[in-house]
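Structure below is protein.txt: compact mmCIF, C-alpha atoms and all ligand atoms.
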# COMPACT_ATOMS: atom_id res chain seq x y z
CA MET A 1051 -27.65 -16.60 -0.16
CA ASP A 1052 -25.90 -13.50 -1.57
CA LYS A 1053 -25.49 -14.89 -5.07
CA ILE A 1054 -22.98 -13.13 -7.35
CA LYS A 1055 -24.74 -12.17 -10.58
CA ASP A 1056 -22.13 -10.23 -12.53
CA ILE A 1057 -18.66 -8.68 -12.38
CA LYS A 1058 -17.62 -5.69 -14.50
CA THR A 1059 -13.86 -5.38 -14.89
CA THR A 1060 -12.21 -2.17 -16.12
CA LEU A 1061 -8.60 -1.08 -16.66
CA PHE A 1062 -7.68 2.60 -16.48
CA ARG A 1063 -4.33 4.21 -17.30
CA VAL A 1064 -4.13 7.42 -15.33
CA PRO A 1065 -1.39 9.96 -16.07
CA LEU A 1066 0.56 11.52 -13.18
CA ALA A 1067 0.94 15.30 -12.98
CA GLU A 1068 4.71 14.87 -13.40
CA VAL A 1069 7.20 12.02 -13.81
CA LEU A 1070 8.00 10.46 -10.40
CA THR A 1071 11.20 8.46 -9.91
CA ASP A 1072 12.57 5.95 -7.43
CA ALA A 1073 15.73 3.86 -7.36
CA MET A 1074 14.67 0.49 -8.84
CA HIS A 1075 11.22 0.97 -10.39
CA GLY A 1076 12.56 3.96 -12.32
CA ASN A 1077 10.33 6.64 -13.86
CA HIS A 1078 6.57 6.62 -13.36
CA SER A 1079 4.45 8.62 -15.83
CA HIS A 1080 1.15 6.74 -15.21
CA PHE A 1081 -0.45 4.43 -12.74
CA GLU A 1082 -2.88 1.71 -13.76
CA LEU A 1083 -6.12 1.12 -11.90
CA ILE A 1084 -7.97 -2.20 -12.28
CA THR A 1085 -11.52 -2.09 -10.88
CA ALA A 1086 -14.02 -4.92 -10.33
CA ARG A 1087 -17.67 -4.06 -9.77
CA VAL A 1088 -19.38 -7.11 -8.25
CA THR A 1089 -23.19 -7.18 -8.43
CA LEU A 1090 -25.39 -9.58 -6.46
CA GLU A 1091 -28.75 -10.96 -7.56
CA ASP A 1092 -30.40 -8.70 -4.94
CA GLY A 1093 -28.84 -5.64 -6.64
CA THR A 1094 -26.14 -4.88 -4.02
CA GLU A 1095 -22.91 -3.68 -5.63
CA GLY A 1096 -19.39 -3.84 -4.21
CA VAL A 1097 -16.34 -2.18 -5.74
CA GLY A 1098 -12.82 -3.56 -5.50
CA TYR A 1099 -9.58 -2.52 -7.13
CA SER A 1100 -5.84 -2.82 -7.44
CA TYR A 1101 -3.22 -0.58 -9.01
CA THR A 1102 0.21 -0.82 -10.62
CA GLY A 1103 3.12 1.53 -11.21
CA GLY A 1104 2.29 1.59 -14.92
CA PHE A 1105 2.98 -1.99 -16.09
CA GLY A 1106 1.26 -5.36 -15.75
CA GLY A 1107 -2.28 -4.05 -15.33
CA ARG A 1108 -3.51 -5.76 -18.47
CA ALA A 1109 -2.49 -9.18 -17.11
CA VAL A 1110 -4.30 -8.46 -13.84
CA TYR A 1111 -7.38 -7.42 -15.82
CA ASP A 1112 -7.25 -10.66 -17.83
CA VAL A 1113 -7.01 -12.90 -14.76
CA VAL A 1114 -9.98 -11.16 -13.14
CA GLU A 1115 -12.05 -11.15 -16.33
CA TYR A 1116 -11.22 -14.58 -17.80
CA ASP A 1117 -10.16 -16.75 -14.84
CA LEU A 1118 -11.86 -15.45 -11.67
CA LYS A 1119 -15.13 -14.03 -13.00
CA PRO A 1120 -16.48 -17.26 -14.61
CA PHE A 1121 -15.77 -19.18 -11.41
CA LEU A 1122 -17.31 -16.53 -9.10
CA ILE A 1123 -20.66 -16.06 -10.86
CA GLY A 1124 -23.29 -17.90 -8.81
CA GLU A 1125 -21.09 -18.16 -5.68
CA ASP A 1126 -22.14 -16.80 -2.26
CA ALA A 1127 -20.48 -13.38 -1.77
CA ALA A 1128 -20.83 -13.66 2.02
CA CYS A 1129 -18.19 -16.44 2.19
CA VAL A 1130 -15.32 -13.98 1.74
CA GLU A 1131 -12.48 -15.94 3.37
CA SER A 1132 -13.49 -19.18 1.67
CA LEU A 1133 -13.63 -17.48 -1.73
CA TRP A 1134 -10.20 -15.95 -1.02
CA GLU A 1135 -8.75 -19.45 -0.55
CA ARG A 1136 -10.45 -20.84 -3.60
CA MET A 1137 -9.51 -17.90 -5.85
CA ASN A 1138 -5.88 -18.19 -4.79
CA TRP A 1139 -5.68 -21.92 -5.52
CA LYS A 1140 -7.46 -21.51 -8.87
CA ILE A 1141 -4.64 -19.37 -10.28
CA HIS A 1142 -1.82 -20.41 -7.94
CA TYR A 1143 0.17 -22.52 -10.40
CA VAL A 1144 0.70 -19.74 -12.92
CA ALA A 1145 0.32 -16.49 -11.01
CA ARG A 1146 1.23 -17.13 -7.34
CA GLY A 1147 2.70 -14.16 -5.50
CA GLY A 1148 2.28 -11.71 -8.35
CA ILE A 1149 -0.63 -11.36 -10.74
CA ALA A 1150 -2.72 -13.70 -8.54
CA SER A 1151 -2.41 -11.44 -5.51
CA PHE A 1152 -3.36 -8.33 -7.49
CA ALA A 1153 -6.34 -10.06 -9.16
CA VAL A 1154 -7.61 -11.58 -5.90
CA SER A 1155 -7.30 -8.11 -4.32
CA CYS A 1156 -9.72 -6.63 -6.88
CA ILE A 1157 -12.41 -9.19 -6.03
CA ASP A 1158 -11.74 -9.48 -2.30
CA ILE A 1159 -12.05 -5.71 -1.72
CA ALA A 1160 -15.38 -5.74 -3.60
CA LEU A 1161 -16.60 -8.61 -1.39
CA TRP A 1162 -15.62 -6.66 1.75
CA ASP A 1163 -17.45 -3.61 0.38
CA ILE A 1164 -20.57 -5.80 0.07
CA ARG A 1165 -20.00 -7.35 3.52
CA CYS A 1166 -19.77 -3.89 5.16
CA LYS A 1167 -22.77 -2.52 3.22
CA LYS A 1168 -24.91 -5.52 4.23
CA ALA A 1169 -23.87 -5.01 7.88
CA GLY A 1170 -24.53 -1.26 7.60
CA GLN A 1171 -21.05 -0.57 9.02
CA PRO A 1172 -17.96 1.34 7.89
CA LEU A 1173 -14.85 -0.74 7.15
CA TYR A 1174 -12.87 0.52 10.14
CA LYS A 1175 -15.44 -1.03 12.49
CA MET A 1176 -15.61 -4.30 10.53
CA ALA A 1177 -11.78 -4.46 10.60
CA GLY A 1178 -11.59 -4.21 14.39
CA GLY A 1179 -12.93 -0.76 15.24
CA ASN A 1180 -9.93 0.33 17.30
CA ARG A 1181 -10.64 4.04 16.55
CA ASN A 1182 -11.61 6.16 13.53
CA TRP A 1183 -8.17 7.65 12.77
CA THR A 1184 -4.55 6.70 12.16
CA LYS A 1185 -1.16 8.42 12.11
CA ALA A 1186 -0.19 9.25 8.52
CA TYR A 1187 2.98 10.35 6.72
CA TYR A 1188 3.71 11.79 3.30
CA GLY A 1189 5.59 9.32 1.09
CA GLY A 1190 7.44 11.32 -1.55
CA ILE A 1191 8.57 9.77 -4.86
CA ASP A 1192 11.27 12.36 -5.27
CA LEU A 1193 14.59 10.72 -6.15
CA ASN A 1194 14.91 12.91 -9.27
CA PHE A 1195 13.99 16.17 -7.54
CA PRO A 1196 16.90 18.59 -7.19
CA LEU A 1197 17.51 19.54 -3.55
CA ASP A 1198 15.62 22.85 -3.70
CA LYS A 1199 12.56 21.15 -5.19
CA LEU A 1200 12.78 18.30 -2.67
CA LEU A 1201 12.64 20.84 0.16
CA SER A 1202 9.91 23.06 -1.33
CA ASN A 1203 7.76 19.96 -1.98
CA ILE A 1204 8.12 18.96 1.68
CA GLU A 1205 7.22 22.49 2.78
CA ASN A 1206 4.02 22.21 0.72
CA GLN A 1207 3.20 18.87 2.34
CA LEU A 1208 3.71 20.27 5.85
CA ALA A 1209 1.41 23.18 4.93
CA SER A 1210 -1.28 20.74 3.74
CA GLY A 1211 -1.54 18.90 7.09
CA HIS A 1212 1.36 16.43 7.11
CA GLU A 1213 3.63 16.13 10.14
CA SER A 1214 5.80 13.16 9.10
CA ILE A 1215 7.77 12.79 5.88
CA LYS A 1216 9.51 10.09 3.81
CA ILE A 1217 12.01 10.68 1.01
CA LYS A 1218 13.65 8.38 -1.54
CA LEU A 1219 17.30 7.37 -1.38
CA GLY A 1220 19.59 5.78 -3.97
CA GLN A 1221 21.52 8.72 -5.46
CA LYS A 1222 24.78 8.02 -7.30
CA THR A 1223 26.78 8.35 -4.08
CA LEU A 1224 25.97 7.81 -0.43
CA ASP A 1225 27.33 11.31 0.27
CA GLU A 1226 24.50 12.77 -1.86
CA ASP A 1227 21.88 10.72 0.01
CA ILE A 1228 23.25 11.85 3.38
CA GLU A 1229 23.34 15.47 2.19
CA ARG A 1230 19.62 15.26 1.32
CA ILE A 1231 18.79 13.59 4.64
CA ALA A 1232 20.64 16.35 6.53
CA ALA A 1233 18.84 19.10 4.59
CA VAL A 1234 15.39 17.57 5.18
CA ARG A 1235 16.04 17.04 8.90
CA ASN A 1236 17.17 20.66 9.12
CA LEU A 1237 13.98 21.80 7.36
CA ILE A 1238 11.46 19.77 9.38
CA GLY A 1239 13.12 20.24 12.80
CA PRO A 1240 14.29 17.65 15.33
CA GLU A 1241 10.86 16.39 16.51
CA ARG A 1242 9.03 15.22 13.39
CA ASP A 1243 9.15 11.56 12.33
CA PHE A 1244 11.33 11.17 9.22
CA MET A 1245 11.52 7.99 7.13
CA VAL A 1246 13.76 7.08 4.17
CA ASP A 1247 13.28 4.55 1.34
CA ALA A 1248 16.07 2.97 -0.75
CA ASN A 1249 13.65 0.98 -2.97
CA MET A 1250 15.79 -2.21 -2.90
CA SER A 1251 18.82 -0.52 -4.50
CA TRP A 1252 21.68 -1.39 -2.12
CA SER A 1253 23.83 -4.38 -1.25
CA VAL A 1254 23.68 -5.61 2.34
CA GLU A 1255 27.10 -4.05 3.01
CA LYS A 1256 26.15 -0.67 1.56
CA ALA A 1257 22.90 -0.66 3.51
CA ILE A 1258 24.71 -1.22 6.82
CA LYS A 1259 27.18 1.56 5.99
CA ALA A 1260 24.28 3.88 5.11
CA THR A 1261 22.37 3.21 8.34
CA ARG A 1262 25.45 4.08 10.41
CA ARG A 1263 25.77 7.42 8.63
CA MET A 1264 22.05 8.33 8.72
CA ALA A 1265 21.54 7.39 12.39
CA GLU A 1266 22.57 10.83 13.70
CA TYR A 1267 19.58 12.34 11.84
CA ASN A 1268 17.11 10.33 13.92
CA ILE A 1269 15.56 8.24 11.13
CA TYR A 1270 12.27 6.54 12.03
CA TRP A 1271 12.84 3.70 9.56
CA LEU A 1272 14.87 2.72 6.50
CA GLU A 1273 12.59 1.08 3.94
CA GLU A 1274 13.61 -1.69 1.52
CA PRO A 1275 17.39 -1.35 1.78
CA THR A 1276 17.97 -4.38 -0.47
CA ILE A 1277 16.13 -6.89 -2.71
CA PRO A 1278 12.94 -8.18 -1.10
CA ASP A 1279 13.79 -11.89 -1.35
CA ASP A 1280 17.03 -11.74 0.62
CA PHE A 1281 15.49 -12.43 4.02
CA PRO A 1282 18.84 -13.52 5.57
CA GLY A 1283 20.33 -10.29 4.20
CA TYR A 1284 17.57 -8.28 5.86
CA ALA A 1285 18.39 -9.99 9.16
CA VAL A 1286 22.07 -9.08 8.80
CA ILE A 1287 21.12 -5.46 8.12
CA ALA A 1288 18.57 -5.32 10.95
CA GLU A 1289 21.05 -6.69 13.47
CA ALA A 1290 23.82 -4.28 12.48
CA SER A 1291 21.66 -1.20 11.89
CA PRO A 1292 21.01 1.53 14.47
CA VAL A 1293 17.95 2.46 12.32
CA PRO A 1294 14.84 0.19 12.30
CA ILE A 1295 14.04 -1.53 8.98
CA ALA A 1296 10.71 -1.51 7.07
CA GLN A 1297 9.56 -3.77 4.21
CA GLY A 1298 6.39 -5.02 2.55
CA GLU A 1299 5.30 -3.50 -0.76
CA ASN A 1300 7.24 -6.12 -2.76
CA LEU A 1301 6.05 -9.09 -0.67
CA HIS A 1302 3.00 -10.49 -2.43
CA THR A 1303 2.10 -13.58 -0.42
CA VAL A 1304 1.18 -13.66 3.27
CA TYR A 1305 3.94 -16.27 3.72
CA GLU A 1306 6.62 -13.87 2.47
CA HIS A 1307 5.49 -11.42 5.14
CA ARG A 1308 6.07 -14.13 7.73
CA TYR A 1309 9.62 -14.63 6.45
CA ALA A 1310 10.28 -10.87 6.57
CA MET A 1311 9.10 -10.61 10.17
CA GLU A 1312 10.53 -13.87 11.57
CA TRP A 1313 13.67 -14.36 9.49
CA GLY A 1314 14.34 -10.84 8.14
CA LYS A 1315 13.84 -9.29 11.59
CA ILE A 1316 12.20 -6.17 10.19
CA SER A 1317 10.57 -3.72 12.61
CA PHE A 1318 7.84 -2.24 10.39
CA PRO A 1319 5.83 -4.61 8.13
CA GLN A 1320 4.08 -2.71 5.31
CA PRO A 1321 1.41 -4.89 3.65
CA ASP A 1322 -0.57 -3.37 0.75
CA ALA A 1323 -4.17 -4.58 0.27
CA SER A 1324 -3.83 -4.03 -3.49
CA ASN A 1325 -1.12 -6.69 -3.86
CA ILE A 1326 -1.50 -9.11 -0.92
CA GLY A 1327 -4.95 -10.48 -1.78
CA GLY A 1328 -7.09 -7.55 -0.69
CA ILE A 1329 -8.47 -6.87 2.77
CA THR A 1330 -8.48 -10.56 3.72
CA GLY A 1331 -4.75 -10.85 2.91
CA TRP A 1332 -3.92 -7.52 4.59
CA LEU A 1333 -5.70 -8.53 7.81
CA LYS A 1334 -3.83 -11.85 7.90
CA VAL A 1335 -0.50 -9.98 7.78
CA ALA A 1336 -1.61 -7.29 10.27
CA ARG A 1337 -2.72 -9.93 12.79
CA MET A 1338 0.44 -11.98 12.27
CA ALA A 1339 2.41 -8.81 13.09
CA GLU A 1340 0.27 -8.27 16.19
CA VAL A 1341 1.02 -11.78 17.47
CA LEU A 1342 4.74 -11.18 16.87
CA ASN A 1343 4.49 -7.93 18.90
CA LEU A 1344 5.12 -5.77 15.82
CA PRO A 1345 3.20 -2.75 14.52
CA VAL A 1346 1.58 -2.71 11.10
CA CYS A 1347 2.03 0.01 8.47
CA THR A 1348 0.91 0.30 4.85
CA HIS A 1349 2.02 1.05 1.30
CA GLY A 1350 -0.14 2.93 -1.21
CA MET A 1351 -3.95 3.20 -1.55
CA GLN A 1352 -4.41 5.48 1.47
CA GLU A 1353 -8.12 5.96 0.70
CA LEU A 1354 -8.70 2.29 1.66
CA HIS A 1355 -5.87 1.64 4.12
CA VAL A 1356 -7.02 4.52 6.34
CA SER A 1357 -9.95 2.33 7.45
CA LEU A 1358 -7.84 -0.81 7.95
CA MET A 1359 -5.26 1.07 10.01
CA ALA A 1360 -7.95 2.78 12.09
CA GLY A 1361 -9.37 -0.66 12.82
CA MET A 1362 -6.18 -2.29 14.08
CA PRO A 1363 -4.84 -1.98 17.64
CA ASN A 1364 -1.23 -2.40 16.43
CA ALA A 1365 -1.41 0.24 13.66
CA ASP A 1366 1.57 2.58 13.39
CA TYR A 1367 1.85 4.71 10.20
CA LEU A 1368 -0.36 5.01 7.10
CA GLU A 1369 1.58 5.94 3.97
CA VAL A 1370 0.04 8.77 1.96
CA HIS A 1371 1.42 7.67 -1.38
CA SER A 1372 2.20 9.97 -4.30
CA PHE A 1373 -0.10 8.08 -6.72
CA PRO A 1374 -3.26 10.16 -6.21
CA ILE A 1375 -5.87 7.37 -6.53
CA ASP A 1376 -7.89 9.10 -3.80
CA GLN A 1377 -8.30 12.14 -6.07
CA TYR A 1378 -10.47 9.95 -8.34
CA THR A 1379 -12.84 9.05 -5.50
CA LYS A 1380 -15.74 10.99 -4.02
CA ARG A 1381 -13.88 11.29 -0.70
CA PRO A 1382 -10.20 12.17 -1.08
CA LEU A 1383 -8.20 11.35 2.09
CA VAL A 1384 -9.20 13.50 5.08
CA LEU A 1385 -6.01 14.64 6.85
CA LYS A 1386 -5.50 17.02 9.79
CA ASP A 1387 -2.41 17.63 11.93
CA GLY A 1388 -0.74 14.42 10.75
CA LEU A 1389 -3.79 12.20 11.38
CA ALA A 1390 -5.99 10.62 8.69
CA TYR A 1391 -9.67 9.96 9.42
CA ALA A 1392 -11.63 6.91 8.23
CA PRO A 1393 -14.93 7.32 6.37
CA GLU A 1394 -18.11 6.57 8.36
CA THR A 1395 -20.23 5.38 5.41
CA PRO A 1396 -21.22 1.68 5.23
CA GLY A 1397 -18.80 -0.15 2.90
CA THR A 1398 -15.10 0.39 2.28
CA GLY A 1399 -15.76 4.13 1.91
CA VAL A 1400 -13.98 4.16 -1.47
CA GLU A 1401 -16.46 5.32 -4.09
CA PHE A 1402 -14.88 6.09 -7.43
CA ASP A 1403 -15.86 9.13 -9.46
CA TRP A 1404 -16.46 7.11 -12.64
CA ASN A 1405 -17.03 10.27 -14.71
CA LYS A 1406 -13.60 11.56 -13.75
CA LEU A 1407 -11.98 8.19 -14.54
CA GLU A 1408 -13.80 7.59 -17.81
CA GLU A 1409 -11.38 9.43 -20.12
CA HIS A 1410 -8.56 7.20 -18.82
CA THR A 1411 -10.32 3.92 -19.73
CA PHE A 1412 -7.92 1.51 -21.46
CA LEU A 1413 -9.89 -1.77 -21.41
MG MG W 1501 8.55 2.15 -0.64
Translate this file's structure into structure tokens.
Amino acid sequence: MDKIKDIKTTLFRVPLAEVLTDAMHGNHSHFELITARVTLEDGTEGVGYSYTGGFGGRAVYDVVEYDLKPFLIGEDAACVESLWERMNWKIHYVARGGIASFAVSCIDIALWDIRCKKAGQPLYKMAGGNRNWTKAYYGGIDLNFPLDKLLSNIENQLASGHESIKIKLGQKTLDEDIERIAAVRNLIGPERDFMVDANMSWSVEKAIKATRRMAEYNIYWLEEPTIPDDFPGYAVIAEASPVPIAQGENLHTVYEHRYAMEWGKISFPQPDASNIGGITGWLKVARMAEVLNLPVCTHGMQELHVSLMAGMPNADYLEVHSFPIDQYTKRPLVLKDGLAYAPETPGTGVEFDWNKLEEHTFL
């Protein structure tokens, strides 16, 4: 039995190089990183984590440290899916679909790290082994960038190995959003895949109007046009829109992902292993998408998702998010000609540089 001996929980507050802005979450000056280092009695260590946009990390830390850890000590780390169920029900009543999903993610990812290390396999093989790479795109958080900076930032991303680009929408007027879309399409040329993200800021009516105006610029998807809970609204948008719809970062139970796919009629589900209950939760959503004949995409934590996407036969696009968590690991994302490559080391392949993180320790 792979008995869990100890769990070390840490909260870091990591400053961003500059303030990043989107329509509904507003300004980001920091991201929070909550890590859980799970040690077995035989000495094996697994590392799991979640992150936030700057708020709520302390509550996630508390649930891991004071609610999950006491229950997990002495349990068998090999029973990952069973522990996932039991962790979720333990904190369901208070934290379901929010803090619970972030806290379970921290532990579940650590358990998968242990599972892969014990098997001597990299995560992409344990998650299906479809191939060792995935398509990737640059996800800008650039709503506040003036047009010239928006364009020069994209030029830098193209020079660093990106082929596909996403920008934020939600300016004061739709005319301004369309002007930015036109300028970016003109910059990147007609062939490259180009996504846009309204971060939940529009009404259903405004979203439909926007999709009709942006369609001539060949948009790959429109992300989160309206509030995440309005699944009937998403269906109305999807049916009227000439542009496919994406959603997922604000859906924090696997059941909500079902509603988005079946009822909301989205085309691109985007689960995030940091907020859907870790790798176990992410795989449930990815396989549900596969059965519904949909692709799977991701949000955030590219250093981990690269392996999950590489593993899945229905993978479409990995987001390379603007929170640089991967810069605090020993293997920042490997990207070439628009493709990201999964690590080959046994485990999740995400090894934090604890020395680099140390100065940002909060708890
Ligand atoms: Mg987004």
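With all atoms listed in the file counted, the chains near ligand MG 1501 (chain W) contribute these residues within 9 Å: Asp1072, Gly1189, Ile1191, Lys1218, Val1246, Asp1247, Ala1248, Asn1249, Met1250, Glu1273, Glu1274, Ala1296, Gln1297, Gly1298, Glu1299, Asn1300, Gln1320, His1349 and Gly1350 of chain A.
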For C-alpha atoms, I'd like the residues from the last selection saved as a short mmCIF file (atom, residue, chain, number, x, y, z; two decimals), in the coordinates of the input.
data_model
loop_
_atom_site.label_atom_id
_atom_site.label_comp_id
_atom_site.auth_asym_id
_atom_site.auth_seq_id
_atom_site.Cartn_x
_atom_site.Cartn_y
_atom_site.Cartn_z
CA ASP A 1072 12.57 5.95 -7.43
CA GLY A 1189 5.59 9.32 1.09
CA ILE A 1191 8.57 9.77 -4.86
CA LYS A 1218 13.65 8.38 -1.54
CA VAL A 1246 13.76 7.08 4.17
CA ASP A 1247 13.28 4.55 1.34
CA ALA A 1248 16.07 2.97 -0.75
CA ASN A 1249 13.65 0.98 -2.97
CA MET A 1250 15.79 -2.21 -2.90
CA GLU A 1273 12.59 1.08 3.94
CA GLU A 1274 13.61 -1.69 1.52
CA ALA A 1296 10.71 -1.51 7.07
CA GLN A 1297 9.56 -3.77 4.21
CA GLY A 1298 6.39 -5.02 2.55
CA GLU A 1299 5.30 -3.50 -0.76
CA ASN A 1300 7.24 -6.12 -2.76
CA GLN A 1320 4.08 -2.71 5.31
CA HIS A 1349 2.02 1.05 1.30
CA GLY A 1350 -0.14 2.93 -1.21
#
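Atom CA of His1078 of chain A is positioned 13.4 Å from atom CA of Phe1195 of chain A.
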Considering all atoms listed in the file, state which residue in the set A:Leu1413, A:Ala1310, A:Cys1156, A:Ile1123 is at the smallest distance from Tyr1101 of chain A.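 Of all the options, A:Cys1156 lies closest to Tyr1101 of chain A.
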For the contact check between segment 1262-1353 of chain A and segment 1379-1384 of chain A, emit one row per residue of segment 1262-1353 of chain A within 10 Å, containing the shortest atom pair and the distance in Å rounded to one decimal, counting all atoms listed in the file, chain then rising number order, as a Markdown table.
| residue | atom | partner | partner_atom | distance |
| --- | --- | --- | --- | --- |
| A:Met1351 | CA | A:Leu1383 | CA | 9.9 |
| A:Gln1352 | CA | A:Leu1383 | CA | 7.0 |
| A:Glu1353 | CA | A:Leu1383 | CA | 5.6 |
Which of these, A:Leu1161, A:Ile1295, A:Ala1392, A:Ala1290, has the shortest distance to Arg1262 of chain A once you count all atoms listed in the file?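 Nearest to Arg1262 of chain A: A:Ala1290.
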What is the distance, in Å and to one decimal place, between atom CA of Lys1168 of chain A and atom CA of Thr1094 of chain A? 8.4 Å
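Considering all atoms listed in the file, the residue among A:Tyr1305, A:Trp1313, A:Tyr1111, A:Tyr1267 positioned nearest to Phe1281 of chain A is A:Trp1313.
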List the spatial neighbours of Val1234 of chain A as a CSV table (one decimal) with C-alpha atoms, in the frame of the given file - criterion: any atom at most 8 Å away, only C-alpha atoms, same-chain residues fewer than 4 positions off excluded.
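The result, written out as selection_25.csv:
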chain,number,residue,atom,x,y,z
A,1201,LEU,CA,12.6,20.8,0.2
A,1230,ARG,CA,19.6,15.3,1.3
A,1238,ILE,CA,11.5,19.8,9.4
Which residues come within 12 Å of segment 1124-1134 of chain A, counting all atoms listed in the file, excluding same-chain residues fewer than 6 positions away, as a PDB file with C-alpha atoms, keeping the file's coordinate frame?
ATOM      1  CA  MET A1051     -27.650 -16.600  -0.160  1.00  0.00           C
ATOM      2  CA  ASP A1052     -25.900 -13.500  -1.570  1.00  0.00           C
ATOM      3  CA  LYS A1053     -25.490 -14.890  -5.070  1.00  0.00           C
ATOM      4  CA  ILE A1054     -22.980 -13.130  -7.350  1.00  0.00           C
ATOM      5  CA  LYS A1055     -24.740 -12.170 -10.580  1.00  0.00           C
ATOM      6  CA  ASP A1056     -22.130 -10.230 -12.530  1.00  0.00           C
ATOM      7  CA  ILE A1057     -18.660  -8.680 -12.380  1.00  0.00           C
ATOM      8  CA  VAL A1088     -19.380  -7.110  -8.250  1.00  0.00           C
ATOM      9  CA  THR A1089     -23.190  -7.180  -8.430  1.00  0.00           C
ATOM     10  CA  LEU A1090     -25.390  -9.580  -6.460  1.00  0.00           C
ATOM     11  CA  GLU A1091     -28.750 -10.960  -7.560  1.00  0.00           C
ATOM     12  CA  ASP A1092     -30.400  -8.700  -4.940  1.00  0.00           C
ATOM     13  CA  THR A1094     -26.140  -4.880  -4.020  1.00  0.00           C
ATOM     14  CA  GLU A1095     -22.910  -3.680  -5.630  1.00  0.00           C
ATOM     15  CA  GLY A1096     -19.390  -3.840  -4.210  1.00  0.00           C
ATOM     16  CA  LEU A1118     -11.860 -15.450 -11.670  1.00  0.00           C
ATOM     17  CA  LYS A1140      -7.460 -21.510  -8.870  1.00  0.00           C
ATOM     18  CA  ILE A1141      -4.640 -19.370 -10.280  1.00  0.00           C
ATOM     19  CA  HIS A1142      -1.820 -20.410  -7.940  1.00  0.00           C
ATOM     20  CA  ALA A1150      -2.720 -13.700  -8.540  1.00  0.00           C
ATOM     21  CA  SER A1151      -2.410 -11.440  -5.510  1.00  0.00           C
ATOM     22  CA  ALA A1153      -6.340 -10.060  -9.160  1.00  0.00           C
ATOM     23  CA  VAL A1154      -7.610 -11.580  -5.900  1.00  0.00           C
ATOM     24  CA  SER A1155      -7.300  -8.110  -4.320  1.00  0.00           C
ATOM     25  CA  CYS A1156      -9.720  -6.630  -6.880  1.00  0.00           C
ATOM     26  CA  ILE A1157     -12.410  -9.190  -6.030  1.00  0.00           C
ATOM     27  CA  ASP A1158     -11.740  -9.480  -2.300  1.00  0.00           C
ATOM     28  CA  ILE A1159     -12.050  -5.710  -1.720  1.00  0.00           C
ATOM     29  CA  ALA A1160     -15.380  -5.740  -3.600  1.00  0.00           C
ATOM     30  CA  LEU A1161     -16.600  -8.610  -1.390  1.00  0.00           C
ATOM     31  CA  TRP A1162     -15.620  -6.660   1.750  1.00  0.00           C
ATOM     32  CA  ASP A1163     -17.450  -3.610   0.380  1.00  0.00           C
ATOM     33  CA  ILE A1164     -20.570  -5.800   0.070  1.00  0.00           C
ATOM     34  CA  ARG A1165     -20.000  -7.350   3.520  1.00  0.00           C
ATOM     35  CA  CYS A1166     -19.770  -3.890   5.160  1.00  0.00           C
ATOM     36  CA  LYS A1167     -22.770  -2.520   3.220  1.00  0.00           C
ATOM     37  CA  LYS A1168     -24.910  -5.520   4.230  1.00  0.00           C
ATOM     38  CA  ALA A1169     -23.870  -5.010   7.880  1.00  0.00           C
ATOM     39  CA  ILE A1326      -1.500  -9.110  -0.920  1.00  0.00           C
ATOM     40  CA  GLY A1327      -4.950 -10.480  -1.780  1.00  0.00           C
ATOM     41  CA  GLY A1328      -7.090  -7.550  -0.690  1.00  0.00           C
ATOM     42  CA  ILE A1329      -8.470  -6.870   2.770  1.00  0.00           C
ATOM     43  CA  THR A1330      -8.480 -10.560   3.720  1.00  0.00           C
ATOM     44  CA  GLY A1331      -4.750 -10.850   2.910  1.00  0.00           C
ATOM     45  CA  TRP A1332      -3.920  -7.520   4.590  1.00  0.00           C
ATOM     46  CA  LEU A1333      -5.700  -8.530   7.810  1.00  0.00           C
ATOM     47  CA  LYS A1334      -3.830 -11.850   7.900  1.00  0.00           C
TER      48      LYS A1334
END
Find the spatial neighbours of Leu1083 of chain A, counting only C-alpha atoms, within a cut-off of 10 Å - ignore same-chain residues fewer than 6 positions away - and output them as a PyMOL selection string. chain A and resi 1060-1064+1099-1104+1107-1108+1110-1111+1156+1375+1407+1410-1412
Could you write out that same residue set with C-alpha atoms as a PDB file, in the frame of the given file?
ATOM      1  CA  THR A1060     -12.210  -2.170 -16.120  1.00  0.00           C
ATOM      2  CA  LEU A1061      -8.600  -1.080 -16.660  1.00  0.00           C
ATOM      3  CA  PHE A1062      -7.680   2.600 -16.480  1.00  0.00           C
ATOM      4  CA  ARG A1063      -4.330   4.210 -17.300  1.00  0.00           C
ATOM      5  CA  VAL A1064      -4.130   7.420 -15.330  1.00  0.00           C
ATOM      6  CA  TYR A1099      -9.580  -2.520  -7.130  1.00  0.00           C
ATOM      7  CA  SER A1100      -5.840  -2.820  -7.440  1.00  0.00           C
ATOM      8  CA  TYR A1101      -3.220  -0.580  -9.010  1.00  0.00           C
ATOM      9  CA  THR A1102       0.210  -0.820 -10.620  1.00  0.00           C
ATOM     10  CA  GLY A1103       3.120   1.530 -11.210  1.00  0.00           C
ATOM     11  CA  GLY A1104       2.290   1.590 -14.920  1.00  0.00           C
ATOM     12  CA  GLY A1107      -2.280  -4.050 -15.330  1.00  0.00           C
ATOM     13  CA  ARG A1108      -3.510  -5.760 -18.470  1.00  0.00           C
ATOM     14  CA  VAL A1110      -4.300  -8.460 -13.840  1.00  0.00           C
ATOM     15  CA  TYR A1111      -7.380  -7.420 -15.820  1.00  0.00           C
ATOM     16  CA  CYS A1156      -9.720  -6.630  -6.880  1.00  0.00           C
ATOM     17  CA  ILE A1375      -5.870   7.370  -6.530  1.00  0.00           C
ATOM     18  CA  LEU A1407     -11.980   8.190 -14.540  1.00  0.00           C
ATOM     19  CA  HIS A1410      -8.560   7.200 -18.820  1.00  0.00           C
ATOM     20  CA  THR A1411     -10.320   3.920 -19.730  1.00  0.00           C
ATOM     21  CA  PHE A1412      -7.920   1.510 -21.460  1.00  0.00           C
TER      22      PHE A1412
END
